[in-house]
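This is input_36.tsv. It holds TSV, C-alpha atoms.
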```
chain	number	residue	atom	x	y	z
R	1	MET	CA	0.83	-16.67	2.58
R	2	PRO	CA	2.80	-13.44	2.87
R	3	TYR	CA	2.36	-10.52	0.50
R	4	VAL	CA	5.36	-8.47	-0.55
R	5	ASN	CA	5.33	-5.20	-2.47
R	6	ILE	CA	8.61	-3.93	-3.90
R	7	LYS	CA	8.72	-0.39	-5.26
R	8	ILE	CA	11.69	0.61	-7.40
R	9	THR	CA	12.33	3.46	-9.79
R	10	ARG	CA	11.66	2.67	-13.45
R	11	ASP	CA	15.27	2.25	-14.58
R	12	GLY	CA	15.20	-0.61	-17.00
R	13	ALA	CA	15.04	-3.59	-14.63
R	14	THR	CA	14.83	-6.61	-16.93
R	15	ALA	CA	12.25	-9.39	-16.76
R	16	GLU	CA	15.08	-11.66	-15.64
R	17	GLN	CA	16.03	-9.34	-12.77
R	18	LYS	CA	12.42	-9.05	-11.66
R	19	ALA	CA	12.11	-12.86	-11.72
R	20	GLN	CA	15.24	-13.03	-9.52
R	21	LEU	CA	13.71	-10.59	-7.02
R	22	ILE	CA	10.51	-12.63	-6.86
R	23	LYS	CA	12.42	-15.89	-6.42
R	24	GLY	CA	14.79	-14.40	-3.87
R	25	VAL	CA	12.23	-12.76	-1.61
R	26	THR	CA	10.08	-15.90	-1.69
R	27	GLU	CA	13.02	-18.06	-0.62
R	28	LEU	CA	13.87	-15.56	2.12
R	29	LEU	CA	10.39	-15.78	3.65
R	30	VAL	CA	10.37	-19.57	3.38
R	31	ASN	CA	13.81	-19.81	5.02
R	32	VAL	CA	13.36	-17.24	7.80
R	33	LEU	CA	9.72	-17.79	8.74
R	34	GLY	CA	8.95	-21.24	7.32
R	35	LYS	CA	6.13	-19.84	5.20
R	36	ASN	CA	4.40	-21.98	2.61
R	37	PRO	CA	5.34	-20.46	-0.76
R	38	ALA	CA	2.18	-21.66	-2.55
R	39	SER	CA	0.15	-18.50	-1.98
R	40	LEU	CA	3.09	-16.16	-1.41
R	41	VAL	CA	2.48	-13.14	-3.62
R	42	VAL	CA	5.06	-10.55	-4.71
R	43	VAL	CA	4.14	-7.39	-6.64
R	44	ILE	CA	6.81	-5.10	-8.11
R	45	ASP	CA	5.90	-1.49	-8.88
R	46	GLU	CA	8.17	0.54	-11.15
R	47	VAL	CA	7.83	4.26	-10.47
R	48	ASP	CA	8.94	7.17	-12.70
R	49	THR	CA	11.82	9.18	-11.24
R	50	ASP	CA	9.62	12.31	-11.37
R	51	ASN	CA	7.24	10.55	-8.97
R	52	TRP	CA	9.83	9.39	-6.41
R	53	GLY	CA	11.19	11.77	-3.80
R	54	ILE	CA	14.00	11.47	-1.28
R	55	ALA	CA	14.95	14.17	1.19
R	56	GLY	CA	12.43	16.54	-0.38
R	57	GLU	CA	13.63	16.27	-3.98
R	58	THR	CA	12.64	14.10	-6.91
R	59	VAL	CA	15.07	11.43	-8.03
R	60	THR	CA	15.11	13.19	-11.40
R	61	ALA	CA	16.44	16.35	-9.77
R	62	ARG	CA	18.94	14.49	-7.58
R	63	ARG	CA	20.43	12.75	-10.59
R	64	GLN	CA	20.88	16.02	-12.48
R	65	VAL	CA	22.86	17.39	-9.54
R	66	GLU	CA	25.01	14.26	-9.39
R	67	LYS	CA	26.04	14.56	-13.03
F	1	MET	CA	-15.04	6.21	4.51
F	2	PRO	CA	-13.18	2.99	3.76
F	3	TYR	CA	-10.36	2.77	1.24
F	4	VAL	CA	-10.00	-0.30	-0.94
F	5	ASN	CA	-7.07	-1.16	-3.19
F	6	ILE	CA	-7.51	-3.98	-5.70
F	7	LYS	CA	-4.42	-5.24	-7.51
F	8	ILE	CA	-4.92	-7.47	-10.56
F	9	THR	CA	-2.68	-8.55	-13.40
F	10	ARG	CA	-2.97	-6.44	-16.56
F	11	ASP	CA	-5.05	-8.84	-18.64
F	12	GLY	CA	-7.48	-6.65	-20.50
F	13	ALA	CA	-10.05	-5.92	-17.79
F	14	THR	CA	-12.55	-3.60	-19.49
F	15	ALA	CA	-13.73	-0.24	-18.16
F	16	GLU	CA	-17.13	-1.89	-17.64
F	17	GLN	CA	-15.62	-4.70	-15.52
F	18	LYS	CA	-13.65	-2.22	-13.46
F	19	ALA	CA	-16.83	-0.19	-12.88
F	20	GLN	CA	-18.53	-3.40	-11.69
F	21	LEU	CA	-15.71	-4.10	-9.23
F	22	ILE	CA	-15.97	-0.56	-7.85
F	23	LYS	CA	-19.77	-0.78	-7.54
F	24	GLY	CA	-19.66	-4.27	-6.05
F	25	VAL	CA	-17.04	-3.64	-3.39
F	26	THR	CA	-18.75	-0.39	-2.38
F	27	GLU	CA	-22.09	-2.17	-1.93
F	28	LEU	CA	-20.37	-4.92	0.04
F	29	LEU	CA	-18.92	-2.45	2.55
F	30	VAL	CA	-22.22	-0.61	2.84
F	31	ASN	CA	-24.13	-3.87	3.40
F	32	VAL	CA	-21.72	-5.59	5.79
F	33	LEU	CA	-20.48	-2.65	7.85
F	34	GLY	CA	-23.10	0.04	7.24
F	35	LYS	CA	-20.45	2.42	5.87
F	36	ASN	CA	-21.43	5.69	4.22
F	37	PRO	CA	-20.47	5.33	0.55
F	38	ALA	CA	-19.95	9.08	-0.01
F	39	SER	CA	-16.22	9.08	0.69
F	40	LEU	CA	-15.61	5.39	0.01
F	41	VAL	CA	-12.63	5.23	-2.32
F	42	VAL	CA	-11.59	2.27	-4.50
F	43	VAL	CA	-8.32	2.21	-6.48
F	44	ILE	CA	-7.57	-0.57	-8.99
F	45	ASP	CA	-3.94	-1.24	-9.94
F	46	GLU	CA	-3.21	-3.30	-13.05
F	47	VAL	CA	0.19	-4.97	-12.83
F	48	ASP	CA	2.26	-6.51	-15.66
F	49	THR	CA	2.59	-10.29	-15.43
F	50	ASP	CA	6.40	-9.88	-15.32
F	51	ASN	CA	5.95	-7.90	-12.11
F	52	TRP	CA	3.63	-10.34	-10.30
F	53	GLY	CA	5.01	-13.41	-8.57
F	54	ILE	CA	3.33	-16.42	-6.99
F	55	ALA	CA	5.20	-19.26	-5.31
F	56	GLY	CA	8.50	-17.73	-6.38
F	57	GLU	CA	7.75	-17.44	-10.10
F	58	THR	CA	6.42	-14.65	-12.27
F	59	VAL	CA	2.91	-15.06	-13.67
F	60	THR	CA	4.52	-14.79	-17.11
F	61	ALA	CA	6.62	-17.90	-16.40
F	62	ARG	CA	3.73	-19.81	-14.83
F	63	ARG	CA	1.57	-19.25	-17.89
F	64	GLN	CA	4.28	-20.52	-20.23
F	65	VAL	CA	4.45	-23.74	-18.23
F	66	GLU	CA	0.67	-24.12	-18.30
F	67	LYS	CA	0.55	-23.95	-22.09
W	1	MET	CA	-4.44	-14.18	-8.00
W	2	PRO	CA	-5.61	-10.70	-7.10
W	3	TYR	CA	-4.64	-8.93	-3.92
W	4	VAL	CA	-7.15	-6.74	-2.11
W	5	ASN	CA	-6.45	-4.40	0.79
W	6	ILE	CA	-9.42	-2.97	2.69
W	7	LYS	CA	-8.77	-0.17	5.16
W	8	ILE	CA	-11.52	0.70	7.63
W	9	THR	CA	-11.61	2.65	10.85
W	10	ARG	CA	-11.29	0.56	14.02
W	11	ASP	CA	-14.92	0.59	15.08
W	12	GLY	CA	-15.58	-2.85	16.40
W	13	ALA	CA	-16.01	-4.82	13.17
W	14	THR	CA	-16.58	-8.41	14.32
W	15	ALA	CA	-14.67	-11.46	13.11
W	16	GLU	CA	-17.90	-12.53	11.42
W	17	GLN	CA	-18.21	-9.22	9.52
W	18	LYS	CA	-14.58	-9.40	8.43
W	19	ALA	CA	-15.13	-12.97	7.21
W	20	GLN	CA	-18.12	-11.69	5.19
W	21	LEU	CA	-15.99	-8.96	3.60
W	22	ILE	CA	-13.33	-11.50	2.65
W	23	LYS	CA	-15.91	-13.92	1.22
W	24	GLY	CA	-17.79	-11.15	-0.60
W	25	VAL	CA	-14.83	-9.48	-2.27
W	26	THR	CA	-13.45	-12.86	-3.33
W	27	GLU	CA	-16.76	-13.82	-4.95
W	28	LEU	CA	-16.91	-10.42	-6.66
W	29	LEU	CA	-13.51	-10.89	-8.30
W	30	VAL	CA	-14.36	-14.45	-9.34
W	31	ASN	CA	-17.69	-13.35	-10.82
W	32	VAL	CA	-16.57	-10.17	-12.59
W	33	LEU	CA	-13.11	-11.18	-13.80
W	34	GLY	CA	-13.21	-14.98	-13.67
W	35	LYS	CA	-10.19	-15.03	-11.32
W	36	ASN	CA	-9.09	-18.26	-9.65
W	37	PRO	CA	-9.80	-17.79	-5.93
W	38	ALA	CA	-7.05	-20.19	-4.79
W	39	SER	CA	-4.35	-17.54	-4.35
W	40	LEU	CA	-6.68	-14.56	-3.97
W	41	VAL	CA	-5.50	-12.68	-0.90
W	42	VAL	CA	-7.48	-10.10	1.11
W	43	VAL	CA	-5.94	-8.07	3.92
W	44	ILE	CA	-8.08	-5.86	6.20
W	45	ASP	CA	-6.41	-3.01	8.09
W	46	GLU	CA	-8.26	-1.41	10.99
W	47	VAL	CA	-7.08	2.14	11.60
W	48	ASP	CA	-7.61	4.30	14.70
W	49	THR	CA	-9.91	7.28	14.11
W	50	ASP	CA	-7.07	9.62	15.20
W	51	ASN	CA	-5.05	8.28	12.27
W	52	TRP	CA	-7.74	8.66	9.57
W	53	GLY	CA	-8.43	12.01	7.96
W	54	ILE	CA	-11.13	13.21	5.61
W	55	ALA	CA	-11.34	16.72	4.23
W	56	GLY	CA	-8.43	17.79	6.40
W	57	GLU	CA	-9.82	16.58	9.74
W	58	THR	CA	-9.44	13.40	11.74
W	59	VAL	CA	-12.45	11.13	11.97
W	60	THR	CA	-12.22	11.61	15.75
W	61	ALA	CA	-12.75	15.36	15.33
W	62	ARG	CA	-15.52	14.96	12.75
W	63	ARG	CA	-17.49	12.68	15.06
W	64	GLN	CA	-17.25	15.13	17.93
W	65	VAL	CA	-18.75	17.82	15.71
W	66	GLU	CA	-21.53	15.49	14.58
W	67	LYS	CA	-22.63	14.77	18.14
A	1	MET	CA	16.23	3.80	-2.79
A	2	PRO	CA	13.66	1.01	-3.06
A	3	TYR	CA	10.77	0.62	-0.66
A	4	VAL	CA	9.63	-2.84	0.38
A	5	ASN	CA	6.50	-3.72	2.33
A	6	ILE	CA	6.20	-7.24	3.73
A	7	LYS	CA	2.84	-8.33	5.12
A	8	ILE	CA	2.72	-11.48	7.23
A	9	THR	CA	0.18	-12.91	9.64
A	10	ARG	CA	0.81	-12.10	13.30
A	11	ASP	CA	2.22	-15.46	14.38
A	12	GLY	CA	4.99	-14.63	16.77
A	13	ALA	CA	7.76	-13.64	14.39
A	14	THR	CA	10.65	-12.64	16.66
A	15	ALA	CA	12.60	-9.38	16.48
A	16	GLU	CA	15.56	-11.49	15.30
A	17	GLN	CA	13.55	-13.02	12.44
A	18	LYS	CA	12.26	-9.60	11.38
A	19	ALA	CA	15.84	-8.26	11.41
A	20	GLN	CA	16.83	-11.20	9.16
A	21	LEU	CA	14.03	-10.37	6.72
A	22	ILE	CA	15.12	-6.72	6.58
A	23	LYS	CA	18.78	-7.68	6.07
A	24	GLY	CA	17.95	-10.34	3.50
A	25	VAL	CA	15.64	-8.29	1.31
A	26	THR	CA	18.08	-5.37	1.38
A	27	GLU	CA	20.96	-7.59	0.24
A	28	LEU	CA	18.74	-9.06	-2.48
A	29	LEU	CA	17.98	-5.64	-3.96
A	30	VAL	CA	21.61	-4.60	-3.75
A	31	ASN	CA	22.76	-7.81	-5.44
A	32	VAL	CA	20.13	-8.05	-8.17
A	33	LEU	CA	19.65	-4.39	-9.06
A	34	GLY	CA	22.78	-2.73	-7.70
A	35	LYS	CA	20.69	-0.40	-5.53
A	36	ASN	CA	22.33	1.81	-2.92
A	37	PRO	CA	21.16	0.46	0.45
A	38	ALA	CA	21.48	3.81	2.27
A	39	SER	CA	17.86	4.88	1.75
A	40	LEU	CA	16.42	1.43	1.18
A	41	VAL	CA	13.38	1.17	3.44
A	42	VAL	CA	11.61	-2.03	4.53
A	43	VAL	CA	8.34	-2.02	6.49
A	44	ILE	CA	6.89	-5.23	7.96
A	45	ASP	CA	3.16	-5.35	8.77
A	46	GLU	CA	1.88	-8.12	11.03
A	47	VAL	CA	-1.81	-8.80	10.41
A	48	ASP	CA	-4.26	-10.70	12.64
A	49	THR	CA	-5.41	-14.00	11.17
A	50	ASP	CA	-9.05	-12.75	11.36
A	51	ASN	CA	-8.04	-9.95	8.97
A	52	TRP	CA	-6.26	-12.09	6.36
A	53	GLY	CA	-8.21	-14.02	3.77
A	54	ILE	CA	-7.18	-16.61	1.20
A	55	ALA	CA	-9.55	-18.23	-1.25
A	56	GLY	CA	-12.50	-16.48	0.38
A	57	GLU	CA	-11.84	-17.60	3.96
A	58	THR	CA	-10.00	-16.09	6.88
A	59	VAL	CA	-6.74	-17.71	7.92
A	60	THR	CA	-8.38	-18.26	11.33
A	61	ALA	CA	-11.09	-20.39	9.72
A	62	ARG	CA	-8.64	-22.26	7.47
A	63	ARG	CA	-6.51	-23.26	10.44
A	64	GLN	CA	-9.51	-24.62	12.35
A	65	VAL	CA	-10.34	-26.84	9.40
A	66	GLU	CA	-6.76	-28.05	9.16
A	67	LYS	CA	-6.71	-29.20	12.77
S	1	MET	CA	12.57	8.03	7.91
S	2	PRO	CA	8.87	8.25	7.07
S	3	TYR	CA	7.39	6.86	3.89
S	4	VAL	CA	4.56	8.70	2.15
S	5	ASN	CA	2.46	7.42	-0.74
S	6	ILE	CA	0.25	9.91	-2.58
S	7	LYS	CA	-2.31	8.55	-5.03
S	8	ILE	CA	-3.93	10.99	-7.46
S	9	THR	CA	-5.88	10.57	-10.66
S	10	ARG	CA	-3.82	10.86	-13.84
S	11	ASP	CA	-4.87	14.36	-14.86
S	12	GLY	CA	-1.75	15.97	-16.20
S	13	ALA	CA	0.05	16.87	-12.99
S	14	THR	CA	3.34	18.40	-14.15
S	15	ALA	CA	6.82	17.40	-13.02
S	16	GLU	CA	6.98	20.77	-11.29
S	17	GLN	CA	3.75	20.14	-9.35
S	18	LYS	CA	4.93	16.68	-8.32
S	19	ALA	CA	8.23	18.18	-7.11
S	20	GLN	CA	6.21	20.68	-5.05
S	21	LEU	CA	4.19	17.87	-3.46
S	22	ILE	CA	7.38	15.99	-2.57
S	23	LYS	CA	9.00	19.12	-1.12
S	24	GLY	CA	5.86	20.14	0.75
S	25	VAL	CA	5.08	16.84	2.39
S	26	THR	CA	8.73	16.41	3.40
S	27	GLU	CA	8.78	19.84	5.07
S	28	LEU	CA	5.49	19.04	6.80
S	29	LEU	CA	6.90	15.88	8.39
S	30	VAL	CA	10.10	17.66	9.40
S	31	ASN	CA	8.15	20.54	10.95
S	32	VAL	CA	5.43	18.57	12.74
S	33	LEU	CA	7.35	15.51	13.89
S	34	GLY	CA	10.98	16.63	13.71
S	35	LYS	CA	11.83	13.81	11.31
S	36	ASN	CA	15.21	13.63	9.60
S	37	PRO	CA	14.51	14.22	5.89
S	38	ALA	CA	17.56	12.25	4.67
S	39	SER	CA	15.75	8.95	4.22
S	40	LEU	CA	12.24	10.37	3.92
S	41	VAL	CA	10.71	8.75	0.85
S	42	VAL	CA	7.66	9.97	-1.10
S	43	VAL	CA	6.08	7.97	-3.92
S	44	ILE	CA	3.35	9.46	-6.13
S	45	ASP	CA	1.03	7.09	-8.03
S	46	GLU	CA	-1.06	8.47	-10.89
S	47	VAL	CA	-4.16	6.36	-11.48
S	48	ASP	CA	-6.43	6.29	-14.54
S	49	THR	CA	-9.91	7.68	-13.90
S	50	ASP	CA	-11.41	4.33	-15.00
S	51	ASN	CA	-9.52	2.73	-12.10
S	52	TRP	CA	-10.58	5.17	-9.37
S	53	GLY	CA	-13.97	4.90	-7.71
S	54	ILE	CA	-15.81	7.16	-5.30
S	55	ALA	CA	-19.24	6.38	-3.87
S	56	GLY	CA	-19.49	3.31	-6.08
S	57	GLU	CA	-18.78	5.00	-9.42
S	58	THR	CA	-15.64	5.52	-11.46
S	59	VAL	CA	-14.29	9.05	-11.68
S	60	THR	CA	-14.74	8.74	-15.45
S	61	ALA	CA	-18.49	8.21	-14.98
S	62	ARG	CA	-18.81	10.96	-12.37
S	63	ARG	CA	-17.19	13.50	-14.68
S	64	GLN	CA	-19.56	12.63	-17.53
S	65	VAL	CA	-22.52	13.32	-15.24
S	66	GLU	CA	-21.02	16.61	-14.12
S	67	LYS	CA	-20.69	17.90	-17.67
M	1	MET	CA	-10.12	12.87	-4.23
M	2	PRO	CA	-6.52	11.93	-3.55
M	3	TYR	CA	-5.51	9.24	-1.08
M	4	VAL	CA	-2.42	9.71	1.08
M	5	ASN	CA	-0.76	7.08	3.28
M	6	ILE	CA	1.86	8.25	5.76
M	7	LYS	CA	3.96	5.61	7.51
M	8	ILE	CA	5.98	6.67	10.53
M	9	THR	CA	7.68	4.77	13.35
M	10	ARG	CA	5.61	4.43	16.52
M	11	ASP	CA	7.37	7.07	18.62
M	12	GLY	CA	4.64	8.79	20.55
M	13	ALA	CA	3.19	11.09	17.90
M	14	THR	CA	0.30	12.84	19.64
M	15	ALA	CA	-3.28	13.08	18.37
M	16	GLU	CA	-2.61	16.79	17.87
M	17	GLN	CA	0.47	16.13	15.72
M	18	LYS	CA	-1.41	13.59	13.63
M	19	ALA	CA	-4.24	16.10	13.14
M	20	GLN	CA	-1.63	18.64	11.94
M	21	LEU	CA	-0.22	16.14	9.43
M	22	ILE	CA	-3.72	15.44	8.08
M	23	LYS	CA	-4.56	19.13	7.83
M	24	GLY	CA	-1.19	20.02	6.29
M	25	VAL	CA	-1.11	17.35	3.61
M	26	THR	CA	-4.71	18.12	2.67
M	27	GLU	CA	-3.92	21.83	2.25
M	28	LEU	CA	-0.83	20.94	0.21
M	29	LEU	CA	-2.85	18.89	-2.29
M	30	VAL	CA	-5.53	21.58	-2.52
M	31	ASN	CA	-2.92	24.30	-3.09
M	32	VAL	CA	-0.64	22.49	-5.52
M	33	LEU	CA	-3.16	20.51	-7.57
M	34	GLY	CA	-6.45	22.28	-6.89
M	35	LYS	CA	-7.99	19.06	-5.55
M	36	ASN	CA	-11.39	19.09	-3.86
M	37	PRO	CA	-10.73	18.25	-0.20
M	38	ALA	CA	-14.19	16.71	0.39
M	39	SER	CA	-13.17	13.13	-0.36
M	40	LEU	CA	-9.45	13.55	0.27
M	41	VAL	CA	-8.44	10.69	2.56
M	42	VAL	CA	-5.29	10.48	4.69
M	43	VAL	CA	-4.30	7.34	6.61
M	44	ILE	CA	-1.39	7.34	9.08
M	45	ASP	CA	0.26	4.03	9.98
M	46	GLU	CA	2.49	3.86	13.05
M	47	VAL	CA	5.02	1.04	12.76
M	48	ASP	CA	7.10	-0.56	15.55
M	49	THR	CA	10.82	0.16	15.27
M	50	ASP	CA	11.48	-3.62	15.12
M	51	ASN	CA	9.40	-3.69	11.93
M	52	TRP	CA	11.09	-0.78	10.12
M	53	GLY	CA	14.39	-1.23	8.34
M	54	ILE	CA	16.80	1.22	6.75
M	55	ALA	CA	20.01	0.22	5.04
M	56	GLY	CA	19.48	-3.39	6.07
M	57	GLU	CA	19.03	-2.80	9.80
M	58	THR	CA	16.02	-2.29	12.03
M	59	VAL	CA	15.48	1.17	13.47
M	60	THR	CA	15.70	-0.48	16.90
M	61	ALA	CA	19.25	-1.65	16.12
M	62	ARG	CA	20.28	1.67	14.57
M	63	ARG	CA	19.17	3.57	17.65
M	64	GLN	CA	21.18	1.29	19.96
M	65	VAL	CA	24.29	2.03	17.92
M	66	GLU	CA	23.62	5.76	18.04
M	67	LYS	CA	23.43	5.80	21.83
```

Kindly present the structure from the file in structure tokens form.
Amino acid sequence: MPYVNIKITRDGATAEQKAQLIKGVTELLVNVLGKNPASLVVVIDEVDTDNWGIAGETVTARRQVEK
Amino acid sequence: MPYVNIKITRDGATAEQKAQLIKGVTELLVNVLGKNPASLVVVIDEVDTDNWGIAGETVTARRQVEK
Amino acid sequence: MPYVNIKITRDGATAEQKAQLIKGVTELLVNVLGKNPASLVVVIDEVDTDNWGIAGETVTARRQVEK
Amino acid sequence: MPYVNIKITRDGATAEQKAQLIKGVTELLVNVLGKNPASLVVVIDEVDTDNWGIAGETVTARRQVEK
Amino acid sequence: MPYVNIKITRDGATAEQKAQLIKGVTELLVNVLGKNPASLVVVIDEVDTDNWGIAGETVTARRQVEK
Amino acid sequence: MPYVNIKITRDGATAEQKAQLIKGVTELLVNVLGKNPASLVVVIDEVDTDNWGIAGETVTARRQVEK
């Protein structure tokens, strides 16, 4: 029954990796809380690095500094 | 005053259908709770089937099995 | 399959009214988009009026002005 | 950097179980996507069964039927 | 530590404007609540005007009326 | 028209501080993007420290270590 929303930056996660996230988080909730997986919903949002901020800066800007 | 977020898979919902969802959910909240519709906000997110999981599998994978 | 989140102020909505919202929004998505209701999830959040702002003011403050 | 929101019904999940969810989902994102855990945020919302609907009914109502 | 999600209509906000929002909301939380900015995350979602409703109508429809 | 959701840990933020956050974020969106404040909605969620994780640990656990 749980609902999980995972937000990551849009960095080329593959369909296979996203399937692994969905499988993994579903198993985690089944194992830890004994939830029924049948209606367990996971939604992954991929967000542009211009639209994601940490510590007051966009991820785009942080990566330019790191280079 | 309420805020409603509707997440659906990206499956070709038309602008007309999305307008019907917005109208319908607004009327529902006005009818059931007597809310003022003036600042009632509805946001629809359309999510790729690779990014939506049910029961530990992506919707993409589930549809391939169903074929 | 859709997921719907409804946020309302905490104003004494009854269990019956919340059940009507859940039933109504589910029927709306089935009727407009032909969605399967089996894994259609609705979550209602009730938010204190101190924690809800419109036009730069809390709902608490707006209601005091309206009195 | 990711942000994860887990919504579950309020059913007595212990602090220990919630810590396991947070640890598990963080490890999953590190393992699958190679994300840096330092700013990886997880928020768990516990929702009353009157406020959670599946297939058009509240979880409260579904559990009464199941008894 | 806070997490902020800003949803706006997709109307050509520039990278510079989005960086200003991220900087501004981070400073606000530091100033008002004394939060540590290091793990303060801001995510901006840009939503099509067909997918955003106010008062029961899409923003697309409201703008056509206003013309 | 924007919608803003601010999630903070439940740490005794006062009604006055929450009103300042609502006012400040509304002004920010008006100043940076020229948005009309009339239907600009802000919702603040206060989350228990057991339910908030950073870097794989709950905030409750991190604070015990810091003591």

Using all atoms listed in the file and a cutoff of 12 Å, can you tell me which residues are near (7.8, 21.1, 13.4) in the file's coordinates, and write them out as a compact mmCIF listing (two decimals) with C-alpha atoms, in the coordinates of the input?
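Output file result.txt is given in full below:
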```
# COMPACT_ATOMS: atom_id res chain seq x y z
CA THR S 26 8.73 16.41 3.40
CA GLU S 27 8.78 19.84 5.07
CA LEU S 28 5.49 19.04 6.80
CA LEU S 29 6.90 15.88 8.39
CA VAL S 30 10.10 17.66 9.40
CA ASN S 31 8.15 20.54 10.95
CA VAL S 32 5.43 18.57 12.74
CA LEU S 33 7.35 15.51 13.89
CA GLY S 34 10.98 16.63 13.71
CA LYS S 35 11.83 13.81 11.31
CA ASN S 36 15.21 13.63 9.60
CA ALA M 13 3.19 11.09 17.90
CA GLN M 17 0.47 16.13 15.72
CA LYS M 18 -1.41 13.59 13.63
CA GLN M 20 -1.63 18.64 11.94
CA LEU M 21 -0.22 16.14 9.43
CA GLY M 24 -1.19 20.02 6.29
```

Item to check | Atom-to-atom span, atom CA of M:Met1 and atom CA of S:Val43, Å | outcome: 16.9 Å

Determine, counting only C-alpha atoms, which protein, DNA and RNA residues have an atom within 7 Å of an atom of S:Ile44; residues of the same chain fewer than 4 positions away are not included. Present the result as an mmCIF file with C-alpha atoms, keeping the file's coordinate frame.
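The result, stored in out_11.cif:
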```
data_model
loop_
_atom_site.group_PDB
_atom_site.id
_atom_site.type_symbol
_atom_site.label_atom_id
_atom_site.label_comp_id
_atom_site.auth_asym_id
_atom_site.auth_seq_id
_atom_site.Cartn_x
_atom_site.Cartn_y
_atom_site.Cartn_z
ATOM 1 C CA ASN R 51 7.240 10.550 -8.970
ATOM 2 C CA TRP R 52 9.830 9.390 -6.410
ATOM 3 C CA ASN S 5 2.460 7.420 -0.740
ATOM 4 C CA ILE S 6 0.250 9.910 -2.580
ATOM 5 C CA LYS S 7 -2.310 8.550 -5.030
#
```

Next on the checklist: If I take atom CA of R:Glu66 and atom CA of S:Pro2, how far is one from the other in Å, to one decimal?
Outcome noted: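 A separation of 23.8 Å between them.
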
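Taking atom CA of R:Val25 as the reference point, atom CA of R:Thr60 is found at 27.9 Å.
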
Item to check | Exercise answer, chain S residues close to chain A, 9 Å and all atoms listed in the file, as number ranges by chain | outcome: S: 1, 3, 38-41

Same-sequence superposition of chain R onto chain F, all C-alpha, as a compact mmCIF listing (two decimals) with C-alpha atoms, in the coordinates of the input:
```
# COMPACT_ATOMS: atom_id res chain seq x y z
CA MET R 1 -15.05 6.18 4.51
CA PRO R 2 -13.18 2.97 3.75
CA TYR R 3 -10.36 2.76 1.23
CA VAL R 4 -9.99 -0.31 -0.94
CA ASN R 5 -7.06 -1.17 -3.20
CA ILE R 6 -7.50 -3.99 -5.70
CA LYS R 7 -4.42 -5.27 -7.51
CA ILE R 8 -4.93 -7.48 -10.56
CA THR R 9 -2.69 -8.54 -13.40
CA ARG R 10 -2.98 -6.42 -16.55
CA ASP R 11 -5.06 -8.83 -18.63
CA GLY R 12 -7.48 -6.66 -20.50
CA ALA R 13 -10.06 -5.93 -17.79
CA THR R 14 -12.55 -3.60 -19.48
CA ALA R 15 -13.75 -0.25 -18.17
CA GLU R 16 -17.13 -1.90 -17.63
CA GLN R 17 -15.62 -4.70 -15.53
CA LYS R 18 -13.65 -2.22 -13.45
CA ALA R 19 -16.83 -0.18 -12.88
CA GLN R 20 -18.54 -3.41 -11.71
CA LEU R 21 -15.72 -4.09 -9.23
CA ILE R 22 -15.97 -0.56 -7.85
CA LYS R 23 -19.76 -0.78 -7.54
CA GLY R 24 -19.65 -4.25 -6.05
CA VAL R 25 -17.03 -3.64 -3.38
CA THR R 26 -18.74 -0.40 -2.38
CA GLU R 27 -22.08 -2.17 -1.94
CA LEU R 28 -20.36 -4.92 0.04
CA LEU R 29 -18.91 -2.46 2.55
CA VAL R 30 -22.21 -0.60 2.83
CA ASN R 31 -24.12 -3.86 3.39
CA VAL R 32 -21.71 -5.59 5.79
CA LEU R 33 -20.46 -2.64 7.84
CA GLY R 34 -23.08 0.05 7.21
CA LYS R 35 -20.44 2.42 5.85
CA ASN R 36 -21.43 5.68 4.22
CA PRO R 37 -20.47 5.31 0.54
CA ALA R 38 -19.96 9.06 -0.04
CA SER R 39 -16.23 9.08 0.66
CA LEU R 40 -15.61 5.39 0.00
CA VAL R 41 -12.62 5.23 -2.33
CA VAL R 42 -11.57 2.26 -4.49
CA VAL R 43 -8.32 2.19 -6.48
CA ILE R 44 -7.56 -0.58 -8.98
CA ASP R 45 -3.95 -1.25 -9.94
CA GLU R 46 -3.21 -3.31 -13.04
CA VAL R 47 0.20 -4.98 -12.82
CA ASP R 48 2.26 -6.50 -15.66
CA THR R 49 2.60 -10.28 -15.42
CA ASP R 50 6.40 -9.87 -15.32
CA ASN R 51 5.96 -7.89 -12.10
CA TRP R 52 3.63 -10.32 -10.29
CA GLY R 53 5.00 -13.40 -8.56
CA ILE R 54 3.33 -16.40 -6.98
CA ALA R 55 5.18 -19.24 -5.31
CA GLY R 56 8.51 -17.75 -6.37
CA GLU R 57 7.77 -17.43 -10.09
CA THR R 58 6.41 -14.65 -12.26
CA VAL R 59 2.93 -15.05 -13.67
CA THR R 60 4.53 -14.80 -17.11
CA ALA R 61 6.62 -17.89 -16.40
CA ARG R 62 3.73 -19.80 -14.82
CA ARG R 63 1.56 -19.24 -17.86
CA GLN R 64 4.25 -20.50 -20.24
CA VAL R 65 4.43 -23.73 -18.24
CA GLU R 66 0.65 -24.11 -18.30
CA LYS R 67 0.50 -23.90 -22.09
```

Checklist entry - Nearest to S:Arg10: which of S:Ile54, S:Val59, S:Val65, S:Val47 is it, counting all atoms listed in the file? => result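 The closest residue to S:Arg10 is S:Val47.
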
F:Lys23 surroundings by only C-alpha atoms, 9 Å radius, close-in-sequence under 5 positions cut, as a PDB file with C-alpha atoms, in the coordinates of the input:
```pdb
ATOM      1  CA  LYS F  18     -13.650  -2.220 -13.460  1.00  0.00           C
ATOM      2  CA  LEU F  28     -20.370  -4.920   0.040  1.00  0.00           C
TER       3      LEU F  28
ATOM      4  CA  GLY S  53     -13.970   4.900  -7.710  1.00  0.00           C
ATOM      5  CA  ALA S  55     -19.240   6.380  -3.870  1.00  0.00           C
ATOM      6  CA  GLY S  56     -19.490   3.310  -6.080  1.00  0.00           C
ATOM      7  CA  GLU S  57     -18.780   5.000  -9.420  1.00  0.00           C
ATOM      8  CA  THR S  58     -15.640   5.520 -11.460  1.00  0.00           C
TER       9      THR S  58
END
```
